[in-house]
Structures are given as structure tokens and as C-alpha cells.
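S.K.: One file: coords03.cif (mmCIF, C-alpha atoms and all ligand atoms; chains and numbers go by the auth columns).
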```cif
data_coords
#
loop_
_atom_site.group_PDB
_atom_site.id
_atom_site.type_symbol
_atom_site.label_atom_id
_atom_site.label_comp_id
_atom_site.label_asym_id
_atom_site.label_seq_id
_atom_site.Cartn_x
_atom_site.Cartn_y
_atom_site.Cartn_z
_atom_site.B_iso_or_equiv
_atom_site.auth_seq_id
_atom_site.auth_asym_id
ATOM 1 C CA MET A 1 -177.727 99.004 -47.200 0.00 1 A
ATOM 2 C CA ASP A 2 -176.082 96.716 -44.609 0.00 2 A
ATOM 3 C CA LYS A 3 -179.034 94.445 -44.010 0.00 3 A
ATOM 4 C CA LYS A 4 -180.023 91.542 -46.245 0.00 4 A
ATOM 5 C CA ILE A 5 -182.925 91.641 -48.675 0.00 5 A
ATOM 6 C CA LEU A 6 -185.729 89.087 -48.404 0.00 6 A
ATOM 7 C CA VAL A 7 -187.575 87.682 -51.404 0.00 7 A
ATOM 8 C CA ALA A 8 -190.665 85.917 -50.015 0.00 8 A
ATOM 9 C CA TYR A 9 -192.880 84.015 -52.446 0.00 9 A
ATOM 10 C CA ALA A 10 -195.829 81.640 -52.614 0.00 10 A
ATOM 11 C CA THR A 11 -196.335 79.148 -55.420 0.00 11 A
ATOM 12 C CA TYR A 12 -198.617 76.244 -56.380 0.00 12 A
ATOM 13 C CA TYR A 13 -196.525 74.718 -59.170 0.00 13 A
ATOM 14 C CA GLY A 14 -193.058 76.280 -58.805 0.00 14 A
ATOM 15 C CA THR A 15 -193.256 79.020 -61.444 0.00 15 A
ATOM 16 C CA THR A 16 -193.222 81.852 -58.933 0.00 16 A
ATOM 17 C CA ARG A 17 -190.339 80.329 -56.959 0.00 17 A
ATOM 18 C CA GLU A 18 -188.190 80.309 -60.102 0.00 18 A
ATOM 19 C CA VAL A 19 -189.103 83.937 -60.748 0.00 19 A
ATOM 20 C CA ALA A 20 -188.225 84.781 -57.117 0.00 20 A
ATOM 21 C CA GLU A 21 -184.839 83.065 -57.556 0.00 21 A
ATOM 22 C CA THR A 22 -184.094 85.059 -60.712 0.00 22 A
ATOM 23 C CA ILE A 23 -185.046 88.310 -58.975 0.00 23 A
ATOM 24 C CA ALA A 24 -182.760 87.381 -56.067 0.00 24 A
ATOM 25 C CA LYS A 25 -179.874 86.519 -58.410 0.00 25 A
ATOM 26 C CA THR A 26 -180.221 89.837 -60.239 0.00 26 A
ATOM 27 C CA ILE A 27 -180.330 91.844 -57.020 0.00 27 A
ATOM 28 C CA THR A 28 -177.327 89.905 -55.695 0.00 28 A
ATOM 29 C CA GLU A 29 -175.416 91.029 -58.793 0.00 29 A
ATOM 30 C CA HIS A 30 -176.072 94.592 -57.610 0.00 30 A
ATOM 31 C CA GLY A 31 -174.052 93.899 -54.471 0.00 31 A
ATOM 32 C CA TYR A 32 -176.824 92.986 -52.040 0.00 32 A
ATOM 33 C CA GLU A 33 -177.140 89.861 -49.912 0.00 33 A
ATOM 34 C CA VAL A 34 -180.476 88.251 -50.698 0.00 34 A
ATOM 35 C CA GLU A 35 -182.455 85.387 -49.123 0.00 35 A
ATOM 36 C CA VAL A 36 -185.257 83.596 -50.980 0.00 36 A
ATOM 37 C CA ILE A 37 -187.764 82.026 -48.590 0.00 37 A
ATOM 38 C CA SER A 38 -191.354 80.838 -49.024 0.00 38 A
ATOM 39 C CA ALA A 39 -193.845 83.248 -47.472 0.00 39 A
ATOM 40 C CA ARG A 40 -195.050 80.446 -45.205 0.00 40 A
ATOM 41 C CA GLU A 41 -191.569 79.966 -43.714 0.00 41 A
ATOM 42 C CA ALA A 42 -190.350 83.564 -43.629 0.00 42 A
ATOM 43 C CA ARG A 43 -189.841 84.856 -40.067 0.00 43 A
ATOM 44 C CA ASP A 44 -188.272 87.804 -38.271 0.00 44 A
ATOM 45 C CA VAL A 45 -188.804 90.298 -41.052 0.00 45 A
ATOM 46 C CA SER A 46 -187.095 93.031 -39.019 0.00 46 A
ATOM 47 C CA ARG A 47 -183.735 91.410 -39.954 0.00 47 A
ATOM 48 C CA TYR A 48 -184.134 92.637 -43.551 0.00 48 A
ATOM 49 C CA GLY A 49 -183.478 96.031 -45.066 0.00 49 A
ATOM 50 C CA ALA A 50 -185.983 95.524 -47.894 0.00 50 A
ATOM 51 C CA VAL A 51 -188.550 92.882 -48.809 0.00 51 A
ATOM 52 C CA ILE A 52 -189.836 91.675 -52.186 0.00 52 A
ATOM 53 C CA VAL A 53 -193.057 89.672 -52.002 0.00 53 A
ATOM 54 C CA GLY A 54 -194.313 87.553 -54.901 0.00 54 A
ATOM 55 C CA SER A 55 -197.393 85.442 -55.455 0.00 55 A
ATOM 56 C CA ALA A 56 -198.888 83.087 -57.988 0.00 56 A
ATOM 57 C CA ILE A 57 -202.494 83.897 -58.906 0.00 57 A
ATOM 58 C CA ARG A 58 -205.216 81.312 -58.735 0.00 58 A
ATOM 59 C CA GLY A 59 -208.932 81.978 -59.189 0.00 59 A
ATOM 60 C CA GLY A 60 -208.242 85.712 -59.340 0.00 60 A
ATOM 61 C CA LYS A 61 -206.597 85.752 -55.927 0.00 61 A
ATOM 62 C CA ILE A 62 -203.111 85.943 -54.525 0.00 62 A
ATOM 63 C CA HIS A 63 -201.860 82.936 -52.541 0.00 63 A
ATOM 64 C CA ALA A 64 -203.162 82.778 -48.950 0.00 64 A
ATOM 65 C CA ASP A 65 -199.585 82.357 -47.640 0.00 65 A
ATOM 66 C CA VAL A 66 -198.671 85.768 -49.056 0.00 66 A
ATOM 67 C CA LEU A 67 -201.724 87.409 -47.582 0.00 67 A
ATOM 68 C CA HIS A 68 -200.966 85.896 -44.151 0.00 68 A
ATOM 69 C CA PHE A 69 -197.314 86.942 -44.434 0.00 69 A
ATOM 70 C CA LEU A 70 -198.317 90.523 -45.218 0.00 70 A
ATOM 71 C CA GLU A 71 -200.915 90.583 -42.436 0.00 71 A
ATOM 72 C CA ASP A 72 -198.507 89.141 -39.856 0.00 72 A
ATOM 73 C CA HIS A 73 -195.694 91.568 -40.707 0.00 73 A
ATOM 74 C CA GLU A 74 -197.553 94.669 -41.875 0.00 74 A
ATOM 75 C CA THR A 75 -195.957 97.019 -39.335 0.00 75 A
ATOM 76 C CA GLU A 76 -192.350 95.897 -39.987 0.00 76 A
ATOM 77 C CA LEU A 77 -192.981 95.953 -43.738 0.00 77 A
ATOM 78 C CA SER A 78 -194.316 99.490 -43.577 0.00 78 A
ATOM 79 C CA GLN A 79 -190.886 100.614 -42.296 0.00 79 A
ATOM 80 C CA VAL A 80 -188.696 99.276 -45.135 0.00 80 A
ATOM 81 C CA PRO A 81 -188.824 99.428 -48.939 0.00 81 A
ATOM 82 C CA VAL A 82 -191.200 96.727 -50.228 0.00 82 A
ATOM 83 C CA ALA A 83 -191.902 95.595 -53.793 0.00 83 A
ATOM 84 C CA TYR A 84 -194.622 93.190 -54.939 0.00 84 A
ATOM 85 C CA PHE A 85 -194.763 90.902 -57.935 0.00 85 A
ATOM 86 C CA VAL A 86 -197.336 88.495 -59.318 0.00 86 A
ATOM 87 C CA CYS A 87 -197.104 85.587 -61.775 0.00 87 A
ATOM 88 C CA CYS A 88 -200.262 84.863 -63.712 0.00 88 A
ATOM 89 C CA MET A 89 -201.521 83.794 -67.113 0.00 89 A
ATOM 90 C CA THR A 90 -203.413 87.047 -67.604 0.00 90 A
ATOM 91 C CA MET A 91 -199.964 88.555 -68.182 0.00 91 A
ATOM 92 C CA HIS A 92 -199.133 86.113 -71.008 0.00 92 A
ATOM 93 C CA ASP A 93 -199.335 89.268 -73.081 0.00 93 A
ATOM 94 C CA ASP A 94 -198.305 92.543 -71.508 0.00 94 A
ATOM 95 C CA SER A 95 -201.201 94.626 -72.856 0.00 95 A
ATOM 96 C CA PRO A 96 -202.984 97.488 -71.032 0.00 96 A
ATOM 97 C CA ASP A 97 -206.067 95.241 -70.576 0.00 97 A
ATOM 98 C CA SER A 98 -203.956 92.455 -69.061 0.00 98 A
ATOM 99 C CA ARG A 99 -202.208 94.886 -66.710 0.00 99 A
ATOM 100 C CA TYR A 100 -205.561 96.312 -65.655 0.00 100 A
ATOM 101 C CA MET A 101 -206.822 92.826 -64.819 0.00 101 A
ATOM 102 C CA ALA A 102 -203.604 91.829 -63.044 0.00 102 A
ATOM 103 C CA GLU A 103 -203.737 95.022 -60.959 0.00 103 A
ATOM 104 C CA GLY A 104 -207.163 93.871 -59.792 0.00 104 A
ATOM 105 C CA TYR A 105 -205.601 90.731 -58.281 0.00 105 A
ATOM 106 C CA LEU A 106 -203.788 92.973 -55.794 0.00 106 A
ATOM 107 C CA ALA A 107 -206.885 94.943 -54.752 0.00 107 A
ATOM 108 C CA GLU A 108 -207.388 92.651 -51.757 0.00 108 A
ATOM 109 C CA VAL A 109 -203.801 93.292 -50.658 0.00 109 A
ATOM 110 C CA PHE A 110 -204.193 97.054 -50.869 0.00 110 A
ATOM 111 C CA ASN A 111 -207.499 96.898 -48.979 0.00 111 A
ATOM 112 C CA LYS A 112 -206.206 94.695 -46.174 0.00 112 A
ATOM 113 C CA ILE A 113 -202.568 95.789 -45.948 0.00 113 A
ATOM 114 C CA SER A 114 -202.976 99.518 -46.212 0.00 114 A
ATOM 115 C CA LYS A 115 -199.826 100.494 -44.264 0.00 115 A
ATOM 116 C CA VAL A 116 -197.472 98.988 -46.849 0.00 116 A
ATOM 117 C CA LYS A 117 -196.843 101.188 -49.899 0.00 117 A
ATOM 118 C CA PRO A 118 -194.789 99.198 -52.437 0.00 118 A
ATOM 119 C CA ILE A 119 -192.061 101.056 -54.299 0.00 119 A
ATOM 120 C CA SER A 120 -192.748 98.930 -57.383 0.00 120 A
ATOM 121 C CA ILE A 121 -195.043 96.138 -58.597 0.00 121 A
ATOM 122 C CA GLY A 122 -193.953 93.577 -61.192 0.00 122 A
ATOM 123 C CA TYR A 123 -196.636 91.889 -63.306 0.00 123 A
ATOM 124 C CA PHE A 124 -195.256 88.775 -64.978 0.00 124 A
ATOM 125 C CA GLY A 125 -196.594 86.008 -67.166 0.00 125 A
ATOM 126 C CA GLY A 126 -196.658 82.493 -65.746 0.00 126 A
ATOM 127 C CA VAL A 127 -196.682 78.891 -66.899 0.00 127 A
ATOM 128 C CA LEU A 128 -199.691 76.801 -67.833 0.00 128 A
ATOM 129 C CA GLU A 129 -199.326 73.065 -68.397 0.00 129 A
ATOM 130 C CA LEU A 130 -202.690 71.339 -68.579 0.00 130 A
ATOM 131 C CA LYS A 131 -201.188 67.876 -68.090 0.00 131 A
ATOM 132 C CA ARG A 132 -200.080 68.876 -64.575 0.00 132 A
ATOM 133 C CA LEU A 133 -203.605 69.851 -63.536 0.00 133 A
ATOM 134 C CA ASP A 134 -206.475 67.802 -62.144 0.00 134 A
ATOM 135 C CA TRP A 135 -209.891 67.991 -63.828 0.00 135 A
ATOM 136 C CA LEU A 136 -211.183 70.773 -61.575 0.00 136 A
ATOM 137 C CA ALA A 137 -208.158 72.983 -62.141 0.00 137 A
ATOM 138 C CA ARG A 138 -208.461 72.377 -65.902 0.00 138 A
ATOM 139 C CA LEU A 139 -212.071 73.519 -65.760 0.00 139 A
ATOM 140 C CA VAL A 140 -211.115 76.720 -63.909 0.00 140 A
ATOM 141 C CA VAL A 141 -208.269 77.408 -66.309 0.00 141 A
ATOM 142 C CA LYS A 142 -210.486 76.920 -69.376 0.00 142 A
ATOM 143 C CA ALA A 143 -212.541 79.903 -68.234 0.00 143 A
ATOM 144 C CA LEU A 144 -209.378 82.003 -68.328 0.00 144 A
ATOM 145 C CA ARG A 145 -208.905 81.291 -72.043 0.00 145 A
ATOM 146 C CA ALA A 146 -205.173 81.412 -71.393 0.00 146 A
ATOM 147 C CA PRO A 147 -202.779 79.673 -73.783 0.00 147 A
ATOM 148 C CA GLU A 148 -200.644 76.758 -72.649 0.00 148 A
ATOM 149 C CA GLY A 149 -196.915 77.316 -72.270 0.00 149 A
ATOM 150 C CA ASP A 150 -194.225 79.216 -70.387 0.00 150 A
ATOM 151 C CA TYR A 151 -194.957 82.935 -70.671 0.00 151 A
ATOM 152 C CA ARG A 152 -192.314 84.203 -68.272 0.00 152 A
ATOM 153 C CA ASN A 153 -190.465 87.054 -69.958 0.00 153 A
ATOM 154 C CA TRP A 154 -187.059 86.671 -68.290 0.00 154 A
ATOM 155 C CA ALA A 155 -185.700 89.882 -69.807 0.00 155 A
ATOM 156 C CA ALA A 156 -188.628 91.839 -68.321 0.00 156 A
ATOM 157 C CA ILE A 157 -188.203 90.076 -64.947 0.00 157 A
ATOM 158 C CA ILE A 158 -184.473 90.913 -64.860 0.00 158 A
ATOM 159 C CA HIS A 159 -185.123 94.490 -65.979 0.00 159 A
ATOM 160 C CA TRP A 160 -187.689 94.974 -63.202 0.00 160 A
ATOM 161 C CA SER A 161 -185.288 93.446 -60.637 0.00 161 A
ATOM 162 C CA GLU A 162 -182.550 95.862 -61.724 0.00 162 A
ATOM 163 C CA GLU A 163 -184.909 98.806 -61.337 0.00 163 A
ATOM 164 C CA VAL A 164 -185.856 97.626 -57.844 0.00 164 A
ATOM 165 C CA ALA A 165 -182.186 97.126 -56.902 0.00 165 A
ATOM 166 C CA GLU A 166 -181.371 100.636 -58.084 0.00 166 A
ATOM 167 C CA ALA A 167 -184.265 102.074 -56.049 0.00 167 A
ATOM 168 C CA LEU A 168 -183.052 100.498 -52.797 0.00 168 A
HETATM 169 C C1 LIG B . -206.558 76.415 -61.110 0.00 1 B
HETATM 170 C C2 LIG B . -205.826 77.604 -61.660 0.00 1 B
HETATM 171 C C3 LIG B . -206.396 78.850 -61.572 0.00 1 B
HETATM 172 C C4 LIG B . -205.736 79.962 -62.115 0.00 1 B
HETATM 173 N N1 LIG B . -206.329 81.189 -62.018 0.00 1 B
HETATM 174 C C5 LIG B . -205.727 82.249 -62.611 0.00 1 B
HETATM 175 C C6 LIG B . -206.361 83.530 -62.602 0.00 1 B
HETATM 176 O O1 LIG B . -207.427 83.734 -62.023 0.00 1 B
HETATM 177 N N2 LIG B . -205.737 84.539 -63.258 0.00 1 B
HETATM 178 C C7 LIG B . -204.549 84.372 -63.915 0.00 1 B
HETATM 179 O O2 LIG B . -204.066 85.313 -64.508 0.00 1 B
HETATM 180 N N3 LIG B . -203.902 83.182 -63.888 0.00 1 B
HETATM 181 C C8 LIG B . -204.461 82.131 -63.264 0.00 1 B
HETATM 182 N N4 LIG B . -203.847 80.911 -63.281 0.00 1 B
HETATM 183 C C9 LIG B . -202.520 80.791 -63.903 0.00 1 B
HETATM 184 C C10 LIG B . -201.413 80.791 -62.859 0.00 1 B
HETATM 185 O O3 LIG B . -201.363 82.023 -62.190 0.00 1 B
HETATM 186 C C11 LIG B . -200.091 80.498 -63.543 0.00 1 B
HETATM 187 O O4 LIG B . -200.146 79.183 -64.028 0.00 1 B
HETATM 188 C C12 LIG B . -198.883 80.695 -62.636 0.00 1 B
HETATM 189 O O5 LIG B . -197.701 80.546 -63.404 0.00 1 B
HETATM 190 C C13 LIG B . -198.882 79.710 -61.507 0.00 1 B
HETATM 191 O O6 LIG B . -197.764 79.980 -60.703 0.00 1 B
HETATM 192 P P1 LIG B . -197.092 78.875 -59.784 0.00 1 B
HETATM 193 O O7 LIG B . -196.461 77.850 -60.702 0.00 1 B
HETATM 194 O O8 LIG B . -196.091 79.623 -58.997 0.00 1 B
HETATM 195 O O9 LIG B . -198.169 78.278 -58.930 0.00 1 B
HETATM 196 C C14 LIG B . -204.476 79.798 -62.740 0.00 1 B
HETATM 197 C C15 LIG B . -203.888 78.532 -62.806 0.00 1 B
HETATM 198 C C16 LIG B . -204.552 77.449 -62.279 0.00 1 B
HETATM 199 C C17 LIG B . -203.912 76.092 -62.377 0.00 1 B
#
```
Please rewrite the model in this file as C-alpha cells.
Ligand SMILES: Cc1cc2nc3c(=O)[nH]c(=O)nc-3n(C[C@H](O)[C@H](O)[C@H](O)COP(=O)(O)O)c2cc1C

M.R.:
Amino acid sequence: MDKKILVAYATYYGTTREVAETIAKTITEHGYEVEVISAREARDVSRYGAVIVGSAIRGGKIHADVLHFLEDHETELSQVPVAYFVCCMTMHDDSPDSRYMAEGYLAEVFNKISKVKPISIGYFGGVLELKRLDWLARLVVKALRAPEGDYRNWAAIIHWSEEVAEAL
């Protein structure tokens, strides 16, 4: 592939950006040129030969910037390989129940962005640090019953990135 690959992400606290950067680094090691740009700033999607789109999950929803990005570029994205990934605390353990729940977070994307058929979807654990949250966010997070800590499985993230690179 001659064209560059775009990794577009949206984050609240930075976790998903770091995952996006690791995905980009891994795909670069497979000989591709990769740009990592926030979904809010990403433009001119037709310049890219493939696009990887990642979102943090909050309140059971993907980030609005990702949804807008997908809506704005649906036609271009339907013409190139696209992969999605999400970072969320539901995936702190990679069990069938957690996957089932995490898949539900993307239902809105599949309903609204029906032209784009991702070649792969990565479901990754995130980071929860209560001290960084205001009282309202803490209340929301309590309902999740998620443990505190960094639950990003870097080996799984790199493995998924390699699989995506090989599929391009
Ligand atoms: C207010 C709030 C709501 C959240 N809601 C969910 C949720 O509904 N499901 C989930 O799996 N994780 C949820 N999380 C966990 C985040 O997805 C996780 O912390 C992720 O790593 C955040 O990514 P970011 O640092 O890129 O923003 C929530 C976190 C916060 C602070």
C-alpha cells in the first residue's frame, strides 16, 4: 500500500491516545507510514489507504468526536479497510461476558454508520484512577463496579495491531 494509514482516536483522560500510539508504532514496524491524529482534528480521509478508529467509552457510549468523524467521512471510509478499537473498563477482564458488553458499546456505530464494515475490532481494557475524577464521574464509575488500575494488555494490543497490519 502506497498511501499512509490513519489512526484516529478520541480520549477523555489519555488512555486511548496511548493505545493509538502503540497501534501506530506496531503498524509502522510492518513497513507502513502511519499518522496518529485525534478524531476531532482528522481531515481529508481520502489521503489514507486504511483507517483505524479508536474510542474511549464513557457512560456506555463511544466518544462523540468518533461518532462525528465516522458520520462526516462514512463514504470515504467505506472505500478503504477500516478497523475499530475501544478502550473501556468492562474489558479489564477479557471474558465472554465482558466482550458481549463491549460489543454493545459499538451498536450505535453500526446502526448509524452502516456503510463501513470494519475488518477487525479490538476490545481493550482501560485505566481507572479515581483520584483523577470529579465526584459525578466517581458516582458513574461506581455503578460499573470496575477495579481501579491500568488494565491495558499491551501484548494483546500489539498482537491485534500485527493482525490488522497483516490484513492490510
Ligand atoms: C465517568 C466515566 C464513565 C465510564 N463509563 C464506562 C462505561 O460505561 N463502560 C466501560 O466499560 N468503561 C467506562 N469507563 C471507563 C473508561 O472507558 C476507561 O477509564 C478508559 O480507559 C478511559 O479512556 P481515556 O483515558 O482514553 O478517556 C468510564 C470512565 C469514566 C471516568

S.K.: Care to translate the PyMOL selection byres (((chain A and resi 69) around 9) and not hetatm) into actual residues of this file, as a PyMOL selection string?

M.R.: chain A and resi 8+39-40+42-43+64-68+70-74

S.K.: Selected residues, C-alpha atoms, written as a tab-separated table (two decimals), in the frame of the given file, please.

M.R.:
```tsv
chain	number	residue	atom	x	y	z
A	8	ALA	CA	-190.66	85.92	-50.02
A	39	ALA	CA	-193.84	83.25	-47.47
A	40	ARG	CA	-195.05	80.45	-45.20
A	42	ALA	CA	-190.35	83.56	-43.63
A	43	ARG	CA	-189.84	84.86	-40.07
A	64	ALA	CA	-203.16	82.78	-48.95
A	65	ASP	CA	-199.58	82.36	-47.64
A	66	VAL	CA	-198.67	85.77	-49.06
A	67	LEU	CA	-201.72	87.41	-47.58
A	68	HIS	CA	-200.97	85.90	-44.15
A	70	LEU	CA	-198.32	90.52	-45.22
A	71	GLU	CA	-200.92	90.58	-42.44
A	72	ASP	CA	-198.51	89.14	-39.86
A	73	HIS	CA	-195.69	91.57	-40.71
A	74	GLU	CA	-197.55	94.67	-41.88
```

S.K.: Could you tell me how far atom CA of A:Lys25 sits from atom CA of A:Ser95, in Å to one decimal place?

M.R.: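 Atom CA of A:Lys25 lies at a distance of 27.0 Å from atom CA of A:Ser95.
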
S.K.: Work out how far apart atom C4 of ligand LIG 1 (chain B) and atom CA of A:Ile113 are and give it in Å to one decimal.

M.R.: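 Spanning atom C4 of ligand LIG 1 (chain B) to atom CA of A:Ile113 is a straight-line distance of 22.8 Å.
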
S.K.: Could you expand the PyMOL selection byres (((chain A and resi 146-157) around 9) and not hetatm) into the explicit residues it covers here, written as a ChimeraX atom specification?

M.R.: /A:15,19,22-23,87-93,122-130,141-145,158-162

S.K.: Produce a file of the selected residues containing C-alpha atoms, as a PDB file, in the coordinates of the input.

M.R.:
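Output file result.pdb is given in full below:
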```pdb
ATOM      1  CA  THR A  15    -193.256  79.020 -61.444  1.00  0.00           C
ATOM      2  CA  VAL A  19    -189.103  83.937 -60.748  1.00  0.00           C
ATOM      3  CA  THR A  22    -184.094  85.059 -60.712  1.00  0.00           C
ATOM      4  CA  ILE A  23    -185.046  88.310 -58.975  1.00  0.00           C
ATOM      5  CA  CYS A  87    -197.104  85.587 -61.775  1.00  0.00           C
ATOM      6  CA  CYS A  88    -200.262  84.863 -63.712  1.00  0.00           C
ATOM      7  CA  MET A  89    -201.521  83.794 -67.113  1.00  0.00           C
ATOM      8  CA  THR A  90    -203.413  87.047 -67.604  1.00  0.00           C
ATOM      9  CA  MET A  91    -199.964  88.555 -68.182  1.00  0.00           C
ATOM     10  CA  HIS A  92    -199.133  86.113 -71.008  1.00  0.00           C
ATOM     11  CA  ASP A  93    -199.335  89.268 -73.081  1.00  0.00           C
ATOM     12  CA  GLY A 122    -193.953  93.577 -61.192  1.00  0.00           C
ATOM     13  CA  TYR A 123    -196.636  91.889 -63.306  1.00  0.00           C
ATOM     14  CA  PHE A 124    -195.256  88.775 -64.978  1.00  0.00           C
ATOM     15  CA  GLY A 125    -196.594  86.008 -67.166  1.00  0.00           C
ATOM     16  CA  GLY A 126    -196.658  82.493 -65.746  1.00  0.00           C
ATOM     17  CA  VAL A 127    -196.682  78.891 -66.899  1.00  0.00           C
ATOM     18  CA  LEU A 128    -199.691  76.801 -67.833  1.00  0.00           C
ATOM     19  CA  GLU A 129    -199.326  73.065 -68.397  1.00  0.00           C
ATOM     20  CA  LEU A 130    -202.690  71.339 -68.579  1.00  0.00           C
ATOM     21  CA  VAL A 141    -208.269  77.408 -66.309  1.00  0.00           C
ATOM     22  CA  LYS A 142    -210.486  76.920 -69.376  1.00  0.00           C
ATOM     23  CA  ALA A 143    -212.541  79.903 -68.234  1.00  0.00           C
ATOM     24  CA  LEU A 144    -209.378  82.003 -68.328  1.00  0.00           C
ATOM     25  CA  ARG A 145    -208.905  81.291 -72.043  1.00  0.00           C
ATOM     26  CA  ILE A 158    -184.473  90.913 -64.860  1.00  0.00           C
ATOM     27  CA  HIS A 159    -185.123  94.490 -65.979  1.00  0.00           C
ATOM     28  CA  TRP A 160    -187.689  94.974 -63.202  1.00  0.00           C
ATOM     29  CA  SER A 161    -185.288  93.446 -60.637  1.00  0.00           C
ATOM     30  CA  GLU A 162    -182.550  95.862 -61.724  1.00  0.00           C
TER      31      GLU A 162
END
```

S.K.: Kindly give the distance, in Å, that separates atom CA of A:Val51 and atom CA of A:Ile5, rounded to a single decimal.

M.R.: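 Separation of atom CA of A:Val51 and atom CA of A:Ile5: 5.8 Å.
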
S.K.: Looking at A:Ser120, A:Thr26, A:Gln79, A:Ser38, which one is nearest to ligand LIG 1 (chain B), with distances taken over only C-alpha atoms and all ligand atoms?

M.R.: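 Using only C-alpha atoms and all ligand atoms, ligand LIG 1 (chain B) sits closest to A:Ser38.
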
S.K.: For a cutoff of 10 Å around the file-coordinate point (-193.0, 100.1, -43.0), which residues qualify once you count all atoms listed in the file? I'd like the result as number ranges by chain.

M.R.: A: 50, 73-82, 115-118

S.K.: Can you tell me, as a ChimeraX atom specification, what residues are no more than 7 Å from A:Lys4 when counting all atoms listed in the file, ignoring any on the same chain fewer than 5 positions away?

M.R.: /A:32-34,48-49

S.K.: Write out, as a PDB file, in the coordinates of the input, the residues just selected, with C-alpha atoms.

M.R.:
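Okay, this is what ended up in result31.pdb:
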```pdb
ATOM      1  CA  TYR A  32    -176.824  92.986 -52.040  1.00  0.00           C
ATOM      2  CA  GLU A  33    -177.140  89.861 -49.912  1.00  0.00           C
ATOM      3  CA  VAL A  34    -180.476  88.251 -50.698  1.00  0.00           C
ATOM      4  CA  TYR A  48    -184.134  92.637 -43.551  1.00  0.00           C
ATOM      5  CA  GLY A  49    -183.478  96.031 -45.066  1.00  0.00           C
TER       6      GLY A  49
END
```

S.K.: Which residue, A:Glu35, A:Asp2, A:Glu108, A:Glu103, has the smallest gap to A:His63 when you use all atoms listed in the file?

M.R.: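 Nearest to A:His63: A:Glu108.
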
S.K.: Go through A:Leu106, A:Ile62, A:Ile57, A:Ala165 and flag the residue nearest ligand LIG 1 (chain B), using only C-alpha atoms and all ligand atoms for the distances.

M.R.: A:Ile57

S.K.: Report, as JSON, the axis-aligned box around all atoms of ligand LIG 1 (chain B) present in the file, extended by 3 Å on each side; give centre and edge lengths in Å to one decimal place.

M.R.:
```
{"center_x": -201.8, "center_y": 80.7, "center_z": -61.7, "size_x": 17.3, "size_y": 15.2, "size_z": 11.6}
```

S.K.: I need the residue nearest A:Ala83 from this list: A:Ala102, A:Ile119, A:Leu136, A:Val36. Use all atoms listed in the file for the distance.

M.R.: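 Closest candidate: A:Ile119.
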
S.K.: Missing atoms in stretch 156-167 of chain A need filling: write out N, CA and C atoms for it as a tab-separated table (two decimals), in the frame of the given file.

M.R.:
```
chain	number	residue	atom	x	y	z
A	156	ALA	N	-187.80	90.86	-69.06
A	156	ALA	CA	-188.63	91.84	-68.32
A	156	ALA	C	-188.47	91.63	-66.81
A	157	ILE	N	-188.36	90.38	-66.39
A	157	ILE	CA	-188.20	90.08	-64.95
A	157	ILE	C	-186.85	90.63	-64.45
A	158	ILE	N	-185.80	90.42	-65.25
A	158	ILE	CA	-184.47	90.91	-64.86
A	158	ILE	C	-184.45	92.44	-64.88
A	159	HIS	N	-185.08	93.02	-65.87
A	159	HIS	CA	-185.12	94.49	-65.98
A	159	HIS	C	-185.83	95.08	-64.74
A	160	TRP	N	-186.95	94.49	-64.38
A	160	TRP	CA	-187.69	94.97	-63.20
A	160	TRP	C	-186.83	94.83	-61.94
A	161	SER	N	-186.14	93.69	-61.82
A	161	SER	CA	-185.29	93.45	-60.64
A	161	SER	C	-184.18	94.49	-60.55
A	162	GLU	N	-183.61	94.83	-61.71
A	162	GLU	CA	-182.55	95.86	-61.72
A	162	GLU	C	-183.10	97.21	-61.27
A	163	GLU	N	-184.29	97.53	-61.74
A	163	GLU	CA	-184.91	98.81	-61.34
A	163	GLU	C	-185.15	98.83	-59.83
A	164	VAL	N	-185.61	97.70	-59.30
A	164	VAL	CA	-185.86	97.63	-57.84
A	164	VAL	C	-184.53	97.77	-57.11
A	165	ALA	N	-183.50	97.05	-57.57
A	165	ALA	CA	-182.19	97.13	-56.90
A	165	ALA	C	-181.67	98.57	-56.89
A	166	GLU	N	-181.87	99.25	-58.00
A	166	GLU	CA	-181.37	100.64	-58.08
A	166	GLU	C	-182.16	101.58	-57.19
A	167	ALA	N	-183.43	101.21	-56.90
A	167	ALA	CA	-184.26	102.07	-56.05
A	167	ALA	C	-184.01	101.85	-54.56
```
